[in-house]
Amino acid sequence: MKNKILSGKNILVTGTARGMGRQMVETFAEMSANVFAHARKFTEQHADYCKEIADKFDTKIIPVYFELTNADEIKRGISEIRATKIPVNGLVNNAGITFNALFQMTTMEDVRNQFEVNFFAPFLLTQYIVKLMIRNKSGSIVNISSSAALDGNSGKSAYGSSKAALLCMTRCLSEELAANGIRANAICPGVTETDMVATMPDYAVNLQLESTFLGKFGKVSDIANVAAFLLSDYSSYITGQFIRVDGGVTEYGKRQS
Amino acid sequence: MTNLEKYDKAFIDAFNVAAEDLPNLKYQDIAAWDSVGHMSLMANIEDSFDIMMEVEDIMDFSSYAHGKEILKANYEVDIEG
């Protein structure tokens, strides 16, 4: 049984259909949070998962479905959340897409796609959610960035730049929203065992493993646990920080991955 | 509660100002209506009238009087009606 450090918290997590987001729903519920579990579109599988987790941990898991690349859809989704009259205490901007290509092989459409999902969508969504948090004079925002945003790896010019923009937003929010009792932090995962890893070439996967102090990839639960800490009151004096969760990557690994 | 009463209450709750001072009140006229206070006011107004304001309107909301015009023009909220 995990510590119920999120008891009384209501948290919106984007991108919960799979990977880290899906794990966060379970981890946060196990820690007694109620979760607004966002996904792009309704599926029986997602709805069943939400119900299963809610029953298992006796919390509320409320599925919300909207397309993050459509401003009207985001607005509609926020309206649904507002209509529940449940205050939002935490937001995890988790949804994202990855992309690997050398700079000279990256089209502007590729760049725009990365920024659309990885930066513009969380930017707009956060604007709406902050207005809900201001009502309570408290809140915690956790942005899922990437170690690529800090390291600037080969092949990550588009992806890493979009995630670096998210880091800048995080730091700006932490200062602007402090007066309203709202904290903002970012997690920079290294290579984590998600579907996204499947998009990496084998040589990069092997190189990353060899370059990690702990000699293994992170699990989605490793990321979810840190997010839970940042959402909880145990991190009440932490804001504007970028936390690497990468198993300790060597300088060589940072350059080559 | 009338729309005018709701509107006034949003300001009074956000800034702790007297009702008689509201008609001429403008952004940054008082210490409480700074950028932080502005967002609290917007949250109060959204709650009071069950609306979601656009960023452009939040930026344009420069006074008590102009706020009424914005709510009427863009959100079908008639404060005086």
# chains A, B, ... in the order shown; residues from 1 in each chain; ligands from 1
>>> residues_around(residues="region 70-73 of chain B", least_positions_apart="6", cutoff="8 Å", atoms="only C-alpha atoms", output="JSON, numbers by chain")
{"B": [57, 61, 79]}
>>> write_last_selection(atoms="N, CA, C and O atoms", output="PDB file, in the first residue's frame")
ATOM      1  N   ASP B  57     -10.101  38.908 -24.383  1.00  0.00           N
ATOM      2  CA  ASP B  57     -11.031  39.671 -23.544  1.00  0.00           C
ATOM      3  C   ASP B  57     -10.450  39.934 -22.158  1.00  0.00           C
ATOM      4  O   ASP B  57     -10.698  40.988 -21.568  1.00  0.00           O
ATOM      5  N   PHE B  61      -9.930  43.747 -20.735  1.00  0.00           N
ATOM      6  CA  PHE B  61     -10.792  44.084 -19.607  1.00  0.00           C
ATOM      7  C   PHE B  61     -10.094  45.133 -18.739  1.00  0.00           C
ATOM      8  O   PHE B  61      -9.499  44.822 -17.715  1.00  0.00           O
ATOM      9  N   ILE B  79     -25.226  43.281 -18.049  1.00  0.00           N
ATOM     10  CA  ILE B  79     -25.122  43.681 -16.644  1.00  0.00           C
ATOM     11  C   ILE B  79     -26.223  44.670 -16.263  1.00  0.00           C
ATOM     12  O   ILE B  79     -26.752  44.620 -15.149  1.00  0.00           O
TER      13      ILE B  79
END
>>> residues_around(residues="region 192-206 of chain A", least_positions_apart="3", cutoff="7 Å", atoms="only C-alpha atoms", output="ChimeraX atom specification")
/A:19,98,189,209-210,217-220,257
>>> residues_around(residues="region 232-236 of chain A", least_positions_apart="2", cutoff="9 Å", atoms="only C-alpha atoms", output="mmCIF file with C-alpha atoms, in the first residue's frame")
data_model
loop_
_atom_site.group_PDB
_atom_site.id
_atom_site.type_symbol
_atom_site.label_atom_id
_atom_site.label_comp_id
_atom_site.auth_asym_id
_atom_site.auth_seq_id
_atom_site.Cartn_x
_atom_site.Cartn_y
_atom_site.Cartn_z
ATOM 1 C CA ILE A 5 0.079 11.576 -0.221
ATOM 2 C CA LEU A 6 -2.477 12.752 -2.761
ATOM 3 C CA SER A 7 -5.529 12.363 -0.560
ATOM 4 C CA LYS A 9 -6.300 16.135 -4.547
ATOM 5 C CA GLY A 90 -3.122 19.493 -10.029
ATOM 6 C CA SER A 140 0.582 22.269 -8.762
ATOM 7 C CA ARG A 183 3.641 25.869 -8.252
ATOM 8 C CA ALA A 227 5.027 13.496 -10.580
ATOM 9 C CA ALA A 228 3.040 12.397 -7.525
ATOM 10 C CA PHE A 229 5.645 13.945 -5.242
ATOM 11 C CA LEU A 230 5.496 17.229 -7.148
ATOM 12 C CA ILE A 238 9.583 23.393 -4.725
ATOM 13 C CA THR A 239 8.710 25.415 -7.814
#
>>> closest_residue(among="B:Glu76, B:Asp34, B:Glu69, B:Asp8", to="chain A", atoms="only C-alpha atoms")
B:Asp34
>>> residues_around(residues="Ile187 (chain A)", least_positions_apart="3", cutoff="10 Å", atoms="only C-alpha atoms", output="list in words")
Asn94, Val142, Asn143, Ile144, Ser145, Ser146, Ser147, Leu167, Gly190, Ile223, Ala224, Val226, Ala227, Leu230, Gln241, Phe242, Ile243, Arg244, Val245 and Asp246 of chain A
>>> atom_distance(atom1="CA of Ala19 (chain B)", atom2="CA of Tyr128 (chain A)")
29.0 Å
